[in-house]
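**Student:** Quick one: this structure, given as structure tokens, is what I'll be asking you about.
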Amino acid sequence: MTWRPLAGHDGDVGATFADLLDNEDWVPLSLDQQTFPSYLWNDGGTLADAPVDFAATFDGAMWMTKKPIKIPAFNRNPLRVRPGFVVPRHHHNFDEMLFVLEGEYSIEYDDEESDGGTSTVVVKPGDVFVSHAGTPYTMTAGPQGVVYIETWPAPIRELTTTWHDSGWVRR
């Protein structure tokens with residue numbers, strides 16, 4: 001499992017695609033966009049009819065790339081959890097990424113780097129948490145509950161969740 005806060009929190013950006021961070025294959029943004037029919041002006045009409053100059057404004061300011069970037073599909077499940085609720089210990093067959101929008105989660109997970117032990121992290125609004133496939137974890141909602149989106153690189157119908165014997169109400 002890994003966790004890194006997003007911008008505005010201590011640490012790095014939560015989701016990074018290294019291909020975009022190198023200086024290779026970047027070209028200046030095309031400056032012939034003034035006449036794009038989908039570019040509209042705030043006061044009405046198209047950008048082509050506006051009293052502004054796209055090329056002069058963007059000249060030398062932005063670059064783009066067409067290199068392939070491996071970005072997993074964004075299959076999502078938005079959820080709201082009541083305060084203090086503990087999601088029983090479980091793991092998935094895919095990596096899962098959680099984006100916390102409101103409240104917080106305290107997540108205890110098996111930490112491969114701590115010689116078979118566990119680690120706990122508190123994930124707050126704007127933070128991202130990634131649980132790696134096959135790594136068991138338990139999530140406890142904070143005192144205000146939590147609203148979050150969980151995502152996987154494959155459709156939810158292909159997701160397998162394996163539940164462990166911890167945190168359950170017994171029959």
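Here, A, B, ... name the chains of the structure tokens in the order displayed, residue numbers run from 1 inside each chain, and ligands are numbered from 1 in the same displayed order.
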Extract, using only C-alpha atoms, all DNA, RNA and protein residues at most 10 Å from A:Gly103, discarding same-chain residues fewer than 4 positions from it, and format them as a PDB file with N, CA and C atoms, in the first residue's frame.
**Tutor:**
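Resulting contents of around-v9.pdb:
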ATOM      1  N   ARG A  80     -20.513   7.114   0.860  1.00  0.00           N
ATOM      2  CA  ARG A  80     -20.607   7.930   2.073  1.00  0.00           C
ATOM      3  C   ARG A  80     -20.712   6.940   3.234  1.00  0.00           C
ATOM      4  N   VAL A  81     -19.941   7.178   4.309  1.00  0.00           N
ATOM      5  CA  VAL A  81     -19.880   6.242   5.435  1.00  0.00           C
ATOM      6  C   VAL A  81     -20.182   6.990   6.728  1.00  0.00           C
ATOM      7  N   ARG A  82     -20.992   6.375   7.588  1.00  0.00           N
ATOM      8  CA  ARG A  82     -21.359   7.010   8.852  1.00  0.00           C
ATOM      9  C   ARG A  82     -20.151   7.115   9.792  1.00  0.00           C
ATOM     10  N   PRO A  83     -20.176   8.085  10.710  1.00  0.00           N
ATOM     11  CA  PRO A  83     -19.064   8.272  11.641  1.00  0.00           C
ATOM     12  C   PRO A  83     -18.737   6.995  12.420  1.00  0.00           C
ATOM     13  N   VAL A 123      -6.412   9.382   6.109  1.00  0.00           N
ATOM     14  CA  VAL A 123      -6.609   9.948   4.778  1.00  0.00           C
ATOM     15  C   VAL A 123      -7.714  11.003   4.890  1.00  0.00           C
ATOM     16  N   LYS A 124      -7.369  12.243   4.553  1.00  0.00           N
ATOM     17  CA  LYS A 124      -8.267  13.392   4.721  1.00  0.00           C
ATOM     18  C   LYS A 124      -8.677  13.962   3.368  1.00  0.00           C
ATOM     19  N   PRO A 125      -9.578  14.945   3.342  1.00  0.00           N
ATOM     20  CA  PRO A 125     -10.003  15.533   2.070  1.00  0.00           C
ATOM     21  C   PRO A 125      -8.821  15.986   1.217  1.00  0.00           C
ATOM     22  N   ALA A 141     -14.077   5.041   9.598  1.00  0.00           N
ATOM     23  CA  ALA A 141     -14.511   6.406   9.290  1.00  0.00           C
ATOM     24  C   ALA A 141     -14.266   7.307  10.493  1.00  0.00           C
ATOM     25  N   GLY A 142     -13.916   8.562  10.231  1.00  0.00           N
ATOM     26  CA  GLY A 142     -13.644   9.538  11.280  1.00  0.00           C
ATOM     27  C   GLY A 142     -14.907   9.995  11.986  1.00  0.00           C
ATOM     28  N   PRO A 143     -14.762  10.928  12.931  1.00  0.00           N
ATOM     29  CA  PRO A 143     -15.894  11.386  13.743  1.00  0.00           C
ATOM     30  C   PRO A 143     -16.996  12.094  12.951  1.00  0.00           C
ATOM     31  N   GLN A 144     -16.699  12.595  11.760  1.00  0.00           N
ATOM     32  CA  GLN A 144     -17.730  13.194  10.893  1.00  0.00           C
ATOM     33  C   GLN A 144     -18.119  12.249   9.760  1.00  0.00           C
ATOM     34  N   GLY A 145     -17.643  11.015   9.795  1.00  0.00           N
ATOM     35  CA  GLY A 145     -17.870  10.089   8.692  1.00  0.00           C
ATOM     36  C   GLY A 145     -16.887  10.384   7.572  1.00  0.00           C
ATOM     37  N   VAL A 146     -17.179   9.873   6.371  1.00  0.00           N
ATOM     38  CA  VAL A 146     -16.292  10.098   5.236  1.00  0.00           C
ATOM     39  C   VAL A 146     -17.095   9.971   3.939  1.00  0.00           C
ATOM     40  N   VAL A 147     -16.759  10.809   2.985  1.00  0.00           N
ATOM     41  CA  VAL A 147     -17.284  10.710   1.623  1.00  0.00           C
ATOM     42  C   VAL A 147     -16.068  10.533   0.737  1.00  0.00           C
ATOM     43  N   TYR A 148     -16.114   9.496  -0.107  1.00  0.00           N
ATOM     44  CA  TYR A 148     -14.945   9.214  -0.940  1.00  0.00           C
ATOM     45  C   TYR A 148     -15.352   8.512  -2.220  1.00  0.00           C
TER      46      TYR A 148
END
**Student:** List as a tab-separated table every residue of stretch 38-145 of chain A that is in contact with stretch 160-163 of chain A, defined as an atom at most 7 Å from one of its atoms (using only C-alpha atoms), together with the nearest atom pair and the distance in Å rounded to one decimal, sorted by chain and then rising number.
**Tutor:**
residue	atom	partner	partner_atom	distance
A:Arg89	CA	A:Trp163	CA	6.1
A:His90	CA	A:Trp163	CA	4.3
A:His91	CA	A:Thr162	CA	5.4
A:His92	CA	A:Thr161	CA	4.6
A:Asn93	CA	A:Thr160	CA	5.5
**Student:** Please return, as a CSV table (one decimal) with N, CA and C atoms, in the first residue's frame, all residues of stretch 9-166 of chain A that DSSP assigns to strand (DSSP E or B) on the basis of the backbone.
**Tutor:**
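Below is the file that was written, out_31.csv:
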chain,number,residue,atom,x,y,z
A,27,VAL,N,6.2,19.7,-27.1
A,27,VAL,CA,6.3,20.7,-28.2
A,27,VAL,C,5.4,21.9,-27.9
A,28,PRO,N,5.7,23.0,-28.4
A,28,PRO,CA,4.9,24.2,-28.1
A,28,PRO,C,3.4,24.0,-28.5
A,40,LEU,N,-15.6,29.3,-27.2
A,40,LEU,CA,-16.6,30.4,-27.1
A,40,LEU,C,-16.1,31.5,-26.2
A,46,THR,N,-18.1,33.3,-30.8
A,46,THR,CA,-16.9,32.4,-30.7
A,46,THR,C,-15.7,33.2,-30.3
A,63,TRP,N,3.1,23.8,-23.4
A,63,TRP,CA,3.5,22.8,-24.3
A,63,TRP,C,2.6,21.6,-24.2
A,64,MET,N,2.7,20.7,-25.2
A,64,MET,CA,1.9,19.5,-25.2
A,64,MET,C,2.7,18.3,-25.7
A,75,ASN,N,-12.7,3.4,-13.2
A,75,ASN,CA,-14.0,2.7,-12.8
A,75,ASN,C,-14.2,3.1,-11.4
A,76,ARG,N,-15.3,3.7,-11.1
A,76,ARG,CA,-15.5,4.3,-9.8
A,76,ARG,C,-16.7,3.9,-9.0
A,77,ASN,N,-16.6,4.1,-7.7
A,77,ASN,CA,-17.7,3.8,-6.8
A,77,ASN,C,-17.7,4.9,-5.7
A,78,PRO,N,-18.6,5.9,-5.8
A,78,PRO,CA,-18.7,6.9,-4.8
A,78,PRO,C,-19.4,6.4,-3.6
A,79,LEU,N,-18.9,6.7,-2.4
A,79,LEU,CA,-19.5,6.2,-1.1
A,79,LEU,C,-19.5,7.2,0.0
A,80,ARG,N,-20.5,7.1,0.9
A,80,ARG,CA,-20.6,7.9,2.1
A,80,ARG,C,-20.7,6.9,3.2
A,81,VAL,N,-19.9,7.2,4.3
A,81,VAL,CA,-19.9,6.2,5.4
A,81,VAL,C,-20.2,7.0,6.7
A,86,VAL,N,-16.5,0.8,10.9
A,86,VAL,CA,-15.3,0.1,10.6
A,86,VAL,C,-15.7,-0.9,9.4
A,87,VAL,N,-15.1,-0.6,8.3
A,87,VAL,CA,-15.2,-1.6,7.1
A,87,VAL,C,-14.3,-2.8,7.5
A,88,PRO,N,-14.9,-4.0,7.6
A,88,PRO,CA,-14.1,-5.2,7.9
A,88,PRO,C,-12.9,-5.4,7.0
A,89,ARG,N,-11.9,-6.0,7.6
A,89,ARG,CA,-10.7,-6.3,6.9
A,89,ARG,C,-11.0,-7.1,5.6
A,90,HIS,N,-10.3,-6.6,4.5
A,90,HIS,CA,-10.5,-7.2,3.2
A,90,HIS,C,-9.4,-6.8,2.2
A,91,HIS,N,-9.4,-7.5,1.1
A,91,HIS,CA,-8.4,-7.1,0.0
A,91,HIS,C,-9.1,-7.3,-1.3
A,92,HIS,N,-8.5,-6.8,-2.4
A,92,HIS,CA,-9.0,-6.9,-3.7
A,92,HIS,C,-8.1,-7.5,-4.7
A,96,GLU,N,-6.5,-0.5,-5.8
A,96,GLU,CA,-7.6,0.3,-5.6
A,96,GLU,C,-7.1,1.7,-5.2
A,97,MET,N,-7.7,2.8,-5.7
A,97,MET,CA,-7.3,4.1,-5.3
A,97,MET,C,-8.5,4.8,-4.7
A,98,LEU,N,-8.3,5.4,-3.5
A,98,LEU,CA,-9.4,6.1,-2.8
A,98,LEU,C,-9.1,7.6,-2.8
A,99,PHE,N,-10.1,8.4,-3.2
A,99,PHE,CA,-10.0,9.9,-3.2
A,99,PHE,C,-11.0,10.3,-2.1
A,100,VAL,N,-10.5,10.9,-1.0
A,100,VAL,CA,-11.3,11.3,0.1
A,100,VAL,C,-11.8,12.8,-0.2
A,101,LEU,N,-13.1,13.0,-0.2
A,101,LEU,CA,-13.7,14.3,-0.5
A,101,LEU,C,-14.1,15.1,0.7
A,102,GLU,N,-14.5,14.3,1.8
A,102,GLU,CA,-15.0,15.0,3.0
A,102,GLU,C,-14.8,14.0,4.1
A,103,GLY,N,-14.5,14.5,5.3
A,103,GLY,CA,-14.3,13.6,6.5
A,103,GLY,C,-12.9,13.0,6.4
A,104,GLU,N,-12.8,11.8,7.0
A,104,GLU,CA,-11.5,11.1,7.0
A,104,GLU,C,-11.7,9.6,7.2
A,105,TYR,N,-10.7,8.9,6.8
A,105,TYR,CA,-10.6,7.5,7.0
A,105,TYR,C,-9.3,7.2,7.7
A,106,SER,N,-9.3,6.3,8.7
A,106,SER,CA,-8.1,5.8,9.3
A,106,SER,C,-8.0,4.4,8.7
A,107,ILE,N,-6.9,4.2,8.0
A,107,ILE,CA,-6.7,2.9,7.3
A,107,ILE,C,-5.6,2.1,7.8
A,108,GLU,N,-5.8,0.9,8.3
A,108,GLU,CA,-4.8,0.0,8.8
A,108,GLU,C,-4.6,-1.0,7.8
A,109,TYR,N,-3.3,-1.2,7.3
A,109,TYR,CA,-3.0,-2.1,6.3
A,109,TYR,C,-1.8,-2.9,6.6
A,110,ASP,N,-1.7,-4.1,6.0
A,110,ASP,CA,-0.5,-4.9,6.1
A,110,ASP,C,0.6,-4.2,5.3
A,118,THR,N,1.8,-4.1,10.5
A,118,THR,CA,0.8,-3.2,9.9
A,118,THR,C,1.2,-1.8,10.1
A,119,SER,N,0.6,-0.9,9.3
A,119,SER,CA,0.8,0.5,9.4
A,119,SER,C,-0.6,1.1,9.3
A,120,THR,N,-0.7,2.3,9.8
A,120,THR,CA,-2.0,3.1,9.8
A,120,THR,C,-1.7,4.4,9.2
A,121,VAL,N,-2.6,4.9,8.4
A,121,VAL,CA,-2.6,6.2,7.8
A,121,VAL,C,-3.9,6.9,7.9
A,122,VAL,N,-4.0,8.2,8.2
A,122,VAL,CA,-5.3,8.9,8.2
A,122,VAL,C,-5.3,9.6,6.8
A,123,VAL,N,-6.4,9.4,6.1
A,123,VAL,CA,-6.6,9.9,4.8
A,123,VAL,C,-7.7,11.0,4.9
A,127,ASP,N,-6.7,13.9,0.0
A,127,ASP,CA,-5.7,12.9,0.0
A,127,ASP,C,-6.1,11.7,-0.9
A,128,VAL,N,-5.1,11.0,-1.3
A,128,VAL,CA,-5.3,9.8,-2.1
A,128,VAL,C,-4.6,8.6,-1.4
A,129,PHE,N,-5.3,7.5,-1.4
A,129,PHE,CA,-4.7,6.2,-0.8
A,129,PHE,C,-4.8,5.1,-1.8
A,130,VAL,N,-3.7,4.4,-2.0
A,130,VAL,CA,-3.7,3.3,-3.0
A,130,VAL,C,-3.4,2.0,-2.2
A,131,SER,N,-4.4,1.1,-2.3
A,131,SER,CA,-4.1,-0.3,-1.7
A,131,SER,C,-3.8,-1.2,-2.9
A,137,TYR,N,-6.6,-4.8,4.4
A,137,TYR,CA,-6.7,-3.5,5.1
A,137,TYR,C,-8.1,-3.4,5.7
A,138,THR,N,-8.2,-2.5,6.8
A,138,THR,CA,-9.4,-2.1,7.5
A,138,THR,C,-9.5,-0.6,7.4
A,139,MET,N,-10.7,-0.1,7.2
A,139,MET,CA,-11.0,1.3,7.2
A,139,MET,C,-11.9,1.7,8.3
A,140,THR,N,-11.6,2.8,9.0
A,140,THR,CA,-12.5,3.3,10.1
A,140,THR,C,-12.8,4.8,9.7
A,141,ALA,N,-14.1,5.0,9.6
A,141,ALA,CA,-14.5,6.4,9.3
A,141,ALA,C,-14.3,7.3,10.5
A,142,GLY,N,-13.9,8.6,10.2
A,142,GLY,CA,-13.6,9.5,11.3
A,142,GLY,C,-14.9,10.0,12.0
A,143,PRO,N,-14.8,10.9,12.9
A,143,PRO,CA,-15.9,11.4,13.7
A,143,PRO,C,-17.0,12.1,13.0
A,144,GLN,N,-16.7,12.6,11.8
A,144,GLN,CA,-17.7,13.2,10.9
A,144,GLN,C,-18.1,12.2,9.8
A,145,GLY,N,-17.6,11.0,9.8
A,145,GLY,CA,-17.9,10.1,8.7
A,145,GLY,C,-16.9,10.4,7.6
A,146,VAL,N,-17.2,9.9,6.4
A,146,VAL,CA,-16.3,10.1,5.2
A,146,VAL,C,-17.1,10.0,3.9
A,147,VAL,N,-16.8,10.8,3.0
A,147,VAL,CA,-17.3,10.7,1.6
A,147,VAL,C,-16.1,10.5,0.7
A,148,TYR,N,-16.1,9.5,-0.1
A,148,TYR,CA,-14.9,9.2,-0.9
A,148,TYR,C,-15.4,8.5,-2.2
A,149,ILE,N,-14.4,8.4,-3.1
A,149,ILE,CA,-14.6,7.7,-4.4
A,149,ILE,C,-13.5,6.6,-4.4
A,150,GLU,N,-13.9,5.4,-4.7
A,150,GLU,CA,-12.9,4.3,-4.9
A,150,GLU,C,-12.9,4.0,-6.3
A,151,THR,N,-11.7,3.7,-6.8
A,151,THR,CA,-11.5,3.4,-8.3
A,151,THR,C,-10.6,2.2,-8.5
A,152,TRP,N,-10.8,1.6,-9.6
A,152,TRP,CA,-10.0,0.4,-10.0
A,152,TRP,C,-9.7,0.5,-11.5
A,161,THR,N,-13.5,-9.0,-4.2
A,161,THR,CA,-13.2,-8.6,-2.8
A,161,THR,C,-13.2,-9.8,-1.9
A,162,THR,N,-12.1,-10.1,-1.2
A,162,THR,CA,-11.9,-11.2,-0.3
A,162,THR,C,-12.0,-10.6,1.1
A,163,TRP,N,-13.0,-11.0,1.9
A,163,TRP,CA,-13.2,-10.5,3.2
A,163,TRP,C,-12.5,-11.4,4.2
**Student:** According to DSSP computed on the backbone, where in chain A is there alpha helix (DSSP H)? Give the residues as a compact mmCIF listing (two decimals) with N, CA and C atoms, in the first residue's frame.
**Tutor:**
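part.txt was written with the following content:
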# COMPACT_ATOMS: atom_id res chain seq x y z
N PHE A 54 -5.50 34.76 -29.32
CA PHE A 54 -5.07 33.49 -28.73
C PHE A 54 -3.57 33.29 -28.87
N ALA A 55 -3.05 33.45 -30.07
CA ALA A 55 -1.63 33.21 -30.34
C ALA A 55 -0.73 34.10 -29.49
N ALA A 56 -1.06 35.37 -29.39
CA ALA A 56 -0.23 36.29 -28.61
C ALA A 56 -0.31 35.98 -27.12
N THR A 57 -1.47 35.52 -26.66
CA THR A 57 -1.64 35.21 -25.25
C THR A 57 -0.89 33.95 -24.85
N PHE A 58 -0.96 32.89 -25.67
CA PHE A 58 -0.40 31.59 -25.31
C PHE A 58 1.01 31.36 -25.85
